Amino acid sequence: MSISDGESTVALPPSKPTTLLAAMLLRPGAVVSTEFLQRAVWGETPPATAKATLHTYVMRLRRLFAKFGISNDAIETMPGGYRLPVNGDTLDLARFRELLRSSERAEEPEDESRLLGEALALWEGPPISNVQSEVLHRDEVPALREEWLRAAERRFDVELSLGRCRQALPELRSVARAHPGHERFWERLIEALYRTGRQSDALAEYRTVKEYLSTELGVDPGPSLRRLEMTILRGESMGPDAPDAPAPSEAARGTGAGPAPYDPGLALPADLPDFTGREHESAELAEQLTADRGGPAIAVISGPPGIGKTALAVHIAQQVRDAFPDGQYFVRVGPEGGGGDGDAAGSPRPLPAAAADCGDGERRTLVVLDDVYSMEQIQAALPTAKGSAAVITSRMSLAGLAASRGAGVYRLGALAADESRALLSSVLGHRRVAAEPGPTDELADLCGHFPLSLRIAATRLLLRPRHQIADDVAWLRDDPVGRLSVVGTPDMSLAQTFGTFLGRLSLPAIRACQTLGNSPQQLLSLDECAAALRLSLVDASAVLDQLIDASLLEGDAPGQYRMPALLRAFVRRDAGVALSN
């Protein structure tokens, strides 16, 4: 970490004020709670004087800022914590993310590659390497590394799609060896070598990564790498836009109005081998999607983050795929902007060109539209032909689709206790779970019976084969939300998943969520909610309807409201993280 006034740059020395500054900058523009800052600076057991000492460190940072011409009130004291407003002009991390968003909107590959290159050039070695904080390096840095990896992956993808294999080779070789377990970089290196006429070198690199994966990780190369090896051994052509998976055969395309569009990025993912539970929802979805009807079938699967919406959508799509011979597609949508004082959805993310054609014509296609925020995002991808279907996952209810398109709506809740036990058993093995039935049930309770948290907990135990389940239960009790994560895998971090979720919402919605989540009562009546929010019954009812629509609240019974236990724990633990995105 360093600070610059445009003329001179000074690397900040390792110190507790530097750690405090890093903790705020890693959550740019957010109110960062004093509790989180204390953990970042002193670890899990801060001293009794930590809160007062934090204030002293803030004063030191303000004096340091003044030397560089930065306003004395740059660090804002807020209720419960501090906030450091920054933007792309003042913080490299904010500029990096701005460039990534611009690259996603770029219409030309040349522009996308240039913007990604500018973003990646902002990285100067490992993040916060001069910051001594186990908490930040354990809980925050892996997510930053993942952002870099995804940006680097995309840039190499674009460069190779433009035919710049020879130019990309030096950087690809360096990056692949710096990240030997990241197969995507090896794929692009091997492809670039092959497409520049270096077949033997490409096969040598394949043997290198294969040996590393076998020796160090005990696994075989993934399907994409194996397909790439066979392509090279067969001497098949790989053009500028070579796909990662084979295109569907003519028979599979059907004989409708022209061939179905194909894009390897829209291929339907494989089903989870240990998918567990949701038998009732699966049966109803299968019946709805395959029923003989006058128009297309549309189903919406909604619920809070981590509840298993995507897993169910892919599971049912794989089950019924034979009923859609003209193609099955998966489109990751997601909002592009989000949060702030305006529209929580931000600007709708444009769909890939091929995705917009998935439902056109008379083809019997099935499209899964994942992580949808608004109906406007997906209108172009909804199928129109009789016998076609769409499965939509969303954290919002998208009730308008039920009214306007006759969509079936499936709201997912937590798994039942026996389903949670079955999921843990399928991942950990029956013997390990049967040996500790009591701790297994408590672990499921700590995980809120959410599939994502259960899988995170099970994965942690798989990586620690000598641990008893009871050991992890004891460790999780103090902070299940903060500790349910798999290092280096942002998608397997409960706190990050929830933080991203709340970060998409408007500030009024976040504040209402914080207020209700911090109530000492778990089950609240309408009167109690109105009093807590300081609203009339009519206005409070409208706010509560919005929170239910966003999967932040559950209506247990008429006039009664409950926040899912894990979301409530997150809000009570560190609600400031919700504003970090």
# chains A, B, ... in the order shown; residues from 1 in each chain; ligands from 1
>>> select_by_dssp(residues="region 366-472 of chain A", states="strand (DSSP E)", output="list in words")
Leu366, Val367, Val368, Leu369, Asp370, Ala389, Ala390, Val391, Ile392, Thr393, Ser394, Gly408, Val409, Tyr410 and Arg411 of chain A
>>> residues_around(residues="region 56-61 of chain A", least_positions_apart="3", cutoff="10 Å", atoms="only C-alpha atoms", output="tab-separated table (two decimals) with N, CA, C and O atoms, in the first residue's frame")
chain	number	residue	atom	x	y	z
A	16	LYS	N	-0.10	-0.47	12.67
A	16	LYS	CA	-1.53	-0.61	12.92
A	16	LYS	C	-2.36	0.47	12.22
A	16	LYS	O	-3.43	0.17	11.68
A	17	PRO	N	-1.91	1.76	12.17
A	17	PRO	CA	-2.67	2.72	11.35
A	17	PRO	C	-2.74	2.33	9.88
A	17	PRO	O	-3.76	2.54	9.23
A	18	THR	N	-1.66	1.75	9.34
A	18	THR	CA	-1.69	1.29	7.95
A	18	THR	C	-2.72	0.19	7.78
A	18	THR	O	-3.46	0.14	6.79
A	19	THR	N	-2.79	-0.72	8.76
A	19	THR	CA	-3.79	-1.78	8.70
A	19	THR	C	-5.20	-1.21	8.75
A	19	THR	O	-6.10	-1.65	8.02
A	20	LEU	N	-5.40	-0.21	9.61
A	20	LEU	CA	-6.71	0.44	9.70
A	20	LEU	C	-7.09	1.06	8.36
A	20	LEU	O	-8.23	0.90	7.89
A	21	LEU	N	-6.15	1.74	7.73
A	21	LEU	CA	-6.42	2.36	6.43
A	21	LEU	C	-6.76	1.29	5.39
A	21	LEU	O	-7.70	1.44	4.60
A	50	ALA	N	-9.22	-0.96	22.58
A	50	ALA	CA	-9.15	-0.94	21.12
A	50	ALA	C	-9.96	0.21	20.51
A	50	ALA	O	-9.50	0.89	19.60
A	51	LYS	N	-11.16	0.44	21.01
A	51	LYS	CA	-12.02	1.45	20.41
A	51	LYS	C	-11.41	2.84	20.51
A	51	LYS	O	-11.39	3.60	19.54
A	52	ALA	N	-10.87	3.16	21.70
A	52	ALA	CA	-10.24	4.47	21.88
A	52	ALA	C	-8.98	4.58	21.03
A	52	ALA	O	-8.68	5.63	20.44
A	53	THR	N	-8.22	3.49	20.95
A	53	THR	CA	-6.99	3.51	20.17
A	53	THR	C	-7.28	3.68	18.69
A	53	THR	O	-6.52	4.34	17.97
A	64	LEU	N	-1.56	12.48	8.33
A	64	LEU	CA	-0.79	12.00	7.19
A	64	LEU	C	-1.42	12.48	5.89
A	64	LEU	O	-0.73	12.93	4.97
A	65	PHE	N	-2.74	12.39	5.78
A	65	PHE	CA	-3.43	12.84	4.59
A	65	PHE	C	-3.16	14.32	4.32
A	65	PHE	O	-2.99	14.74	3.17
A	66	ALA	N	-3.13	15.12	5.40
A	66	ALA	CA	-2.93	16.55	5.24
A	66	ALA	C	-1.59	16.85	4.57
A	66	ALA	O	-1.47	17.81	3.78
A	72	ASN	N	-8.75	17.14	5.60
A	72	ASN	CA	-8.63	16.62	6.96
A	72	ASN	C	-9.82	15.75	7.36
A	72	ASN	O	-9.72	14.91	8.24
A	73	ASP	N	-10.98	15.98	6.71
A	73	ASP	CA	-12.17	15.20	7.06
A	73	ASP	C	-12.42	14.09	6.05
A	73	ASP	O	-13.55	13.63	5.89
A	74	ALA	N	-11.36	13.62	5.37
A	74	ALA	CA	-11.52	12.54	4.39
A	74	ALA	C	-12.07	11.28	5.04
A	74	ALA	O	-12.86	10.55	4.44
A	75	ILE	N	-11.62	10.99	6.26
A	75	ILE	CA	-12.17	9.85	7.00
A	75	ILE	C	-13.34	10.36	7.82
A	75	ILE	O	-13.18	11.17	8.72
A	76	GLU	N	-14.52	9.90	7.49
A	76	GLU	CA	-15.74	10.38	8.15
A	76	GLU	C	-16.08	9.49	9.34
A	76	GLU	O	-16.07	8.26	9.21
A	77	THR	N	-16.36	10.10	10.46
A	77	THR	CA	-16.84	9.37	11.63
A	77	THR	C	-18.35	9.17	11.49
A	77	THR	O	-19.10	10.14	11.36
A	82	TYR	N	-16.48	4.02	10.71
A	82	TYR	CA	-15.86	5.09	9.92
A	82	TYR	C	-16.10	4.82	8.44
A	82	TYR	O	-16.30	3.68	8.02
>>> residues_around(residues="Asp371 (chain A)", least_positions_apart="3", cutoff="7 Å", atoms="only C-alpha atoms", output="VMD selection string")
chain A and resid 332 to 334 393 to 394
>>> write_last_selection(atoms="N, CA, C and O atoms", output="compact mmCIF listing (two decimals), in the first residue's frame")
# COMPACT_ATOMS: atom_id res chain seq x y z
N ARG A 332 -25.96 -16.45 -17.51
CA ARG A 332 -25.74 -15.75 -16.25
C ARG A 332 -26.01 -14.27 -16.48
O ARG A 332 -25.33 -13.63 -17.26
N VAL A 333 -27.04 -13.71 -15.84
CA VAL A 333 -27.45 -12.34 -16.10
C VAL A 333 -26.81 -11.41 -15.09
O VAL A 333 -25.72 -10.91 -15.30
N GLY A 334 -27.45 -11.20 -13.94
CA GLY A 334 -26.87 -10.35 -12.91
C GLY A 334 -27.01 -8.88 -13.23
O GLY A 334 -27.07 -8.48 -14.40
N THR A 393 -33.94 -17.74 -12.28
CA THR A 393 -33.62 -17.65 -10.86
C THR A 393 -33.41 -16.19 -10.50
O THR A 393 -32.84 -15.42 -11.29
N SER A 394 -33.88 -15.81 -9.33
CA SER A 394 -33.78 -14.42 -8.93
C SER A 394 -33.93 -14.30 -7.42
O SER A 394 -34.63 -15.10 -6.79
>>> select_by_dssp(residues="region 18-183 of chain A", states="alpha helix (DSSP H)", output="PyMOL selection string")
chain A and resi 18-25+34-42+50-67+92-105+109-121+134-139+141-161+165-178+183
>>> residues_around(residues="Asp220 (chain A)", least_positions_apart="6", cutoff="7 Å", atoms="only C-alpha atoms", output="NGL selection string")
:A and (210 or 213-214)
>>> write_last_selection(atoms="all heavy atoms", output="compact mmCIF listing (two decimals), in the first residue's frame")
# COMPACT_ATOMS: atom_id res chain seq x y z
N LYS A 210 -0.58 -31.40 -16.14
CA LYS A 210 -1.13 -32.69 -15.70
C LYS A 210 -0.32 -33.26 -14.55
O LYS A 210 -0.87 -33.75 -13.55
CB LYS A 210 -1.16 -33.67 -16.87
CG LYS A 210 -1.76 -35.03 -16.51
CD LYS A 210 -1.80 -35.94 -17.73
CE LYS A 210 -2.41 -37.31 -17.37
NZ LYS A 210 -2.46 -38.20 -18.54
N LEU A 213 -1.01 -31.15 -11.30
CA LEU A 213 -2.31 -31.44 -10.70
C LEU A 213 -2.30 -32.80 -10.01
O LEU A 213 -2.88 -32.97 -8.93
CB LEU A 213 -3.40 -31.40 -11.77
CG LEU A 213 -3.67 -30.02 -12.39
CD1 LEU A 213 -4.62 -30.15 -13.58
CD2 LEU A 213 -4.25 -29.07 -11.36
N SER A 214 -1.66 -33.79 -10.63
CA SER A 214 -1.62 -35.13 -10.05
C SER A 214 -0.74 -35.17 -8.81
O SER A 214 -1.12 -35.73 -7.77
CB SER A 214 -1.10 -36.12 -11.10
OG SER A 214 -0.94 -37.40 -10.53
>>> closest_residue(among="A:Leu476, A:Val209, A:Ile307, A:Ala385", to="Arg293 (chain A)", atoms="only C-alpha atoms")
A:Ala385
>>> closest_residue(among="A:Ser397, A:Thr515, A:Ser453, A:Ser426", to="Arg411 (chain A)", atoms="only C-alpha atoms")
A:Ser397
>>> residues_around(residues="Ala530 (chain A)", least_positions_apart="3", cutoff="10 Å", atoms="only C-alpha atoms", output="PyMOL selection string")
chain A and resi 516+524-527+533-541+543-544
>>> atom_distance(atom1="CA of Gly294 (chain A)", atom2="CA of Lys386 (chain A)")
5.9 Å
>>> closest_residue(among="A:Leu415, A:Val372, A:Ala435, A:Ala403", to="Gly308 (chain A)", atoms="only C-alpha atoms")
A:Leu415
>>> atom_distance(atom1="CA of Phe450 (chain A)", atom2="CA of Pro558 (chain A)")
24.3 Å
